[in-house]
Amino acid sequence: MIDNYTYIIIIALLPLSALMLVFQVNPYHALVIRAILGAISALVYALLGAADVALTEALVGTMLAVTLYVIAVRSSLVMRLGILKESEVEAESYFTELISSLRKVINKYHLRLELVEYPNLPALEAALEEKEVHAVCTKQKKLELLQRNRNTATDVRQTYNTAIRVHRLFEIMQSELAFPETTLTYVTVPNMEEKH
Amino acid sequence: MILALLIPIYEAWQDDDIWQKMLAFASIATKTAIMMLLISVLRDDWSIGVVAVIILSVGNAGLMLLAHLIKQLNFN
């Protein structure tokens with residue numbers, strides 16, 4: 001009924017899609033291609049007469065595994081940036097520019113930027129201490145700014161301070177973030193987990 | 001049918017937009033299920049036919065689930 005050449009062509013689709021999957025760098029794109037691979041392999045299994053294997057591949061390999069992996073990647077490949085609530089209300093152009101340039105930098109590493117709002121400064125600092133966020137972005141204090149202005153005239157434009165707690169993120173930002181309006185600082189947060 | 005299957009595979013390979021990839025995935029999933037139905041008719045094998053129908057219906061539900069997850073992540 002079906003000649004051997006048809007078999008060979010359909011089975012050759014399997015290594016083709018597997019190679020596509022291996023050479024994909026973006027994790028989300030790779031997951032969609034993994035779903036494509038699952039669909040094709042279900043076809044191949046059914047073609048070779050293994051209906052039960054095909055059903056398992058389609059339900060578990062394509063649906064369940066891909067969905068769970070999307071959830072896992074979504075919650076792990078993220079940079080949480082803590083901000084103050086009023087700074088967004090003011091909607092300064094500097095701030096939106098800063099956020100978009102941050103986004104541009106971390107998009108290269110397939111990360112996402114998630115903004116977490118906090119009502120006041122102590123809550124923001126506490127969140128950084130408690131490891132709820134990876135970095136906080138705050139306005140520099142006026143007094144400090146004035147003192148700096150007296151010393152050097154170039155610091156007038158530096159209005160934001162971004163404190164990062166993860167060292168790898170700090171390295172990435174230091175080398176790639178070209179935005180003069182913010183200063184970058186690396187803070188070490190002590191491991192506050194109590195030993196029982 | 002195999003040539004028609006190659007078109008969305010090429011599309012998924014060369015396009016960088018994730019929604020285009022999802023579209024290609026939907027096309028491939030439906031096409032493979034229809035091909036399985038065809039095989040089951042040719043061989044007069046009911047078990048493959050039942051599996052093909054299940055994949056055709058549940059696969060679309062899985063696609064919707066995946067699309068919702070990806071949609072949430074892009075606009076946050």
# chains A, B, ... in the order shown; residues from 1 in each chain; ligands from 1
>>> closest_atom_pairs(of="chain B", to="chain A", cutoff="8 Å", atoms="only C-alpha atoms", output="tab-separated table")
residue	atom	partner	partner_atom	distance
B:Ile2	CA	A:Ile10	CA	7.1
B:Ile9	CA	A:Ser17	CA	7.6
B:Ala12	CA	A:Ile33	CA	7.5
B:Trp13	CA	A:Met20	CA	6.6
B:Ile18	CA	A:His29	CA	6.2
B:Lys21	CA	A:Val32	CA	6.7
B:Met22	CA	A:Val32	CA	6.5
B:Phe25	CA	A:Ile36	CA	5.4
B:Ile28	CA	A:Ile36	CA	6.7
B:Ala29	CA	A:Ala39	CA	5.4
B:Thr32	CA	A:Leu43	CA	5.7
B:Ala33	CA	A:Leu43	CA	7.1
B:Met35	CA	A:Leu43	CA	7.5
B:Met36	CA	A:Leu43	CA	6.2
B:Ile39	CA	A:Leu47	CA	7.0
B:Leu42	CA	A:Met1	CA	7.2
B:Arg43	CA	A:Met1	CA	8.0
B:Ser47	CA	A:Ala51	CA	6.5
B:Ile48	CA	A:Ala51	CA	5.2
B:Val51	CA	A:Leu55	CA	5.9
B:Ile54	CA	A:Leu55	CA	7.9
B:Ile55	CA	A:Ala58	CA	6.5
B:Val58	CA	A:Leu59	CA	7.8
B:Gly59	CA	A:Met63	CA	7.2
B:Gly62	CA	A:Met63	CA	5.4
B:Leu63	CA	A:Met63	CA	7.9
B:Leu65	CA	A:Thr67	CA	7.5
B:Leu66	CA	A:Thr67	CA	6.0
B:Leu69	CA	A:Val70	CA	7.3
B:Ile70	CA	A:Val70	CA	7.8
B:Leu73	CA	A:Arg74	CA	7.1
B:Asn76	CA	A:Glu114	CA	7.0
>>> write_last_selection(atoms="C-alpha atoms", output="mmCIF file, in the first residue's frame")
data_model
loop_
_atom_site.group_PDB
_atom_site.id
_atom_site.type_symbol
_atom_site.label_atom_id
_atom_site.label_comp_id
_atom_site.auth_asym_id
_atom_site.auth_seq_id
_atom_site.Cartn_x
_atom_site.Cartn_y
_atom_site.Cartn_z
ATOM 1 C CA ILE B 2 4.728 15.231 2.645
ATOM 2 C CA ILE B 9 8.808 23.033 8.831
ATOM 3 C CA ALA B 12 9.406 27.290 11.635
ATOM 4 C CA TRP B 13 13.093 27.045 10.873
ATOM 5 C CA ILE B 18 7.421 33.008 18.073
ATOM 6 C CA LYS B 21 6.489 29.250 14.947
ATOM 7 C CA MET B 22 3.280 28.477 16.838
ATOM 8 C CA PHE B 25 3.352 23.996 14.865
ATOM 9 C CA ILE B 28 2.225 20.448 11.401
ATOM 10 C CA ALA B 29 0.236 18.937 14.280
ATOM 11 C CA THR B 32 0.389 14.721 10.953
ATOM 12 C CA ALA B 33 -2.889 13.744 12.628
ATOM 13 C CA MET B 35 -1.886 11.644 7.781
ATOM 14 C CA MET B 36 -2.305 9.165 10.631
ATOM 15 C CA ILE B 39 -2.781 5.525 7.226
ATOM 16 C CA LEU B 42 -5.342 2.449 4.197
ATOM 17 C CA ARG B 43 -4.398 -0.297 6.618
ATOM 18 C CA SER B 47 -6.436 1.523 16.847
ATOM 19 C CA ILE B 48 -4.312 3.961 14.828
ATOM 20 C CA VAL B 51 -5.169 7.523 18.330
ATOM 21 C CA ILE B 54 -7.435 11.789 20.037
ATOM 22 C CA ILE B 55 -4.269 13.568 18.901
ATOM 23 C CA VAL B 58 -6.429 17.033 22.360
ATOM 24 C CA GLY B 59 -3.516 18.502 20.414
ATOM 25 C CA GLY B 62 -2.670 21.739 24.152
ATOM 26 C CA LEU B 63 -1.926 24.357 21.526
ATOM 27 C CA LEU B 65 -2.741 26.180 26.551
ATOM 28 C CA LEU B 66 0.726 26.836 25.131
ATOM 29 C CA LEU B 69 1.318 30.764 28.460
ATOM 30 C CA ILE B 70 3.370 32.469 25.749
ATOM 31 C CA LEU B 73 4.965 36.139 29.019
ATOM 32 C CA ASN B 76 4.288 41.452 31.001
#
>>> select_by_dssp(residues="chain A", states="alpha helix (DSSP H)", output="ChimeraX atom specification")
/A:4-22,27-47,51-56,65-76,85-90,93-107,121-129,142-151,167-176
>>> atom_distance(atom1="CA of Ile83 (chain A)", atom2="CA of Glu129 (chain A)")
14.4 Å
>>> residues_around(residues="Glu176 (chain A)", least_positions_apart="3", cutoff="7 Å", atoms="only C-alpha atoms", output="list of chain:residue names")
A:Val105, A:Ile172, A:Met173
>>> write_last_selection(atoms="all heavy atoms", output="compact mmCIF listing (two decimals), in the first residue's frame")
# COMPACT_ATOMS: atom_id res chain seq x y z
N VAL A 105 19.20 45.16 26.88
CA VAL A 105 20.39 44.40 27.27
C VAL A 105 20.04 42.98 27.65
O VAL A 105 20.66 42.02 27.19
CB VAL A 105 21.10 45.12 28.45
CG1 VAL A 105 22.16 44.22 29.03
CG2 VAL A 105 21.71 46.40 27.98
N ILE A 172 26.95 41.65 33.51
CA ILE A 172 26.32 41.90 32.21
C ILE A 172 25.97 43.37 32.06
O ILE A 172 26.27 44.01 31.05
CB ILE A 172 25.05 41.03 32.07
CG1 ILE A 172 25.42 39.57 31.91
CG2 ILE A 172 24.23 41.47 30.87
CD1 ILE A 172 24.24 38.65 31.96
N MET A 173 25.36 43.92 33.12
CA MET A 173 24.94 45.31 33.06
C MET A 173 26.14 46.25 32.94
O MET A 173 26.11 47.23 32.20
CB MET A 173 24.14 45.68 34.31
CG MET A 173 22.80 45.05 34.37
SD MET A 173 21.81 45.53 32.98
CE MET A 173 20.59 44.28 33.00
>>> residues_around(residues="Ile164 (chain A)", least_positions_apart="6", cutoff="12 Å", atoms="only C-alpha atoms", output="ChimeraX atom specification")
/A:79-82,125,128-129,131,133-138,170-174,183-189
>>> write_last_selection(atoms="N, CA, C and O atoms", output="CSV table (one decimal), in the first residue's frame")
chain,number,residue,atom,x,y,z
A,79,MET,N,14.4,38.7,35.3
A,79,MET,CA,15.1,39.6,36.2
A,79,MET,C,14.0,40.4,36.8
A,79,MET,O,13.3,41.1,36.1
A,80,ARG,N,13.9,40.3,38.1
A,80,ARG,CA,12.9,41.1,38.8
A,80,ARG,C,13.5,42.4,39.3
A,80,ARG,O,14.5,42.4,40.0
A,81,LEU,N,13.0,43.5,38.9
A,81,LEU,CA,13.5,44.8,39.2
A,81,LEU,C,12.5,45.5,40.1
A,81,LEU,O,11.3,45.7,39.7
A,82,GLY,N,12.9,45.8,41.3
A,82,GLY,CA,12.0,46.5,42.2
A,82,GLY,C,12.1,48.0,42.0
A,82,GLY,O,13.1,48.6,41.8
A,125,GLU,N,14.0,48.3,50.0
A,125,GLU,CA,15.3,47.8,50.5
A,125,GLU,C,15.1,46.5,51.2
A,125,GLU,O,15.9,45.6,51.1
A,128,LEU,N,15.0,43.7,48.7
A,128,LEU,CA,16.3,43.3,48.2
A,128,LEU,C,17.0,42.4,49.2
A,128,LEU,O,17.6,41.5,48.8
A,129,GLU,N,16.8,42.8,50.5
A,129,GLU,CA,17.5,42.0,51.5
A,129,GLU,C,16.9,40.6,51.6
A,129,GLU,O,17.6,39.6,51.8
A,131,LYS,N,15.7,38.9,49.3
A,131,LYS,CA,15.9,38.3,48.0
A,131,LYS,C,14.5,38.1,47.2
A,131,LYS,O,14.4,37.1,46.5
A,133,VAL,N,13.6,40.4,45.1
A,133,VAL,CA,13.9,41.0,43.7
A,133,VAL,C,15.4,40.8,43.5
A,133,VAL,O,16.2,40.6,44.4
A,134,HIS,N,15.8,40.9,42.2
A,134,HIS,CA,17.2,40.7,41.9
A,134,HIS,C,17.9,42.1,41.9
A,134,HIS,O,19.1,42.2,42.1
A,135,ALA,N,17.1,43.1,41.7
A,135,ALA,CA,17.8,44.5,41.6
A,135,ALA,C,16.7,45.5,42.0
A,135,ALA,O,15.5,45.3,41.8
A,136,VAL,N,17.2,46.6,42.5
A,136,VAL,CA,16.2,47.7,42.8
A,136,VAL,C,16.7,49.0,42.0
A,136,VAL,O,17.9,49.2,41.9
A,137,CYS,N,15.8,49.8,41.6
A,137,CYS,CA,16.1,51.0,40.9
A,137,CYS,C,15.5,52.1,41.7
A,137,CYS,O,14.3,52.2,41.8
A,138,THR,N,16.3,53.0,42.2
A,138,THR,CA,15.8,54.1,43.0
A,138,THR,C,16.4,55.4,42.5
A,138,THR,O,17.4,55.5,41.8
A,170,PHE,N,25.1,41.8,37.4
A,170,PHE,CA,25.9,43.0,37.5
A,170,PHE,C,27.0,43.1,36.5
A,170,PHE,O,27.2,44.1,35.8
A,171,GLU,N,27.6,41.9,36.2
A,171,GLU,CA,28.7,41.9,35.2
A,171,GLU,C,28.1,42.2,33.8
A,171,GLU,O,28.7,43.0,33.0
A,172,ILE,N,27.0,41.6,33.5
A,172,ILE,CA,26.3,41.9,32.2
A,172,ILE,C,26.0,43.4,32.1
A,172,ILE,O,26.3,44.0,31.0
A,173,MET,N,25.4,43.9,33.1
A,173,MET,CA,24.9,45.3,33.1
A,173,MET,C,26.1,46.3,32.9
A,173,MET,O,26.1,47.2,32.2
A,174,GLN,N,27.2,45.9,33.7
A,174,GLN,CA,28.4,46.8,33.7
A,174,GLN,C,29.0,46.9,32.3
A,174,GLN,O,29.5,47.9,31.9
A,183,THR,N,23.7,54.9,37.9
A,183,THR,CA,24.9,54.3,38.4
A,183,THR,C,24.6,52.9,38.8
A,183,THR,O,23.4,52.6,39.2
A,184,LEU,N,25.5,52.0,38.6
A,184,LEU,CA,25.3,50.6,39.0
A,184,LEU,C,26.1,50.3,40.2
A,184,LEU,O,27.3,50.6,40.4
A,185,THR,N,25.5,49.6,41.2
A,185,THR,CA,26.2,49.2,42.3
A,185,THR,C,25.9,47.7,42.6
A,185,THR,O,24.8,47.2,42.2
A,186,TYR,N,26.9,47.0,43.1
A,186,TYR,CA,26.7,45.6,43.4
A,186,TYR,C,26.6,45.5,44.9
A,186,TYR,O,27.5,45.9,45.6
A,187,VAL,N,25.5,44.9,45.4
A,187,VAL,CA,25.4,44.7,46.8
A,187,VAL,C,25.4,43.2,47.1
A,187,VAL,O,24.9,42.4,46.4
A,188,THR,N,26.1,42.9,48.2
A,188,THR,CA,26.1,41.5,48.6
A,188,THR,C,25.1,41.4,49.7
A,188,THR,O,25.1,42.1,50.7
A,189,VAL,N,24.2,40.5,49.6
A,189,VAL,CA,23.1,40.2,50.6
A,189,VAL,C,23.6,39.0,51.4
A,189,VAL,O,23.8,37.9,50.8
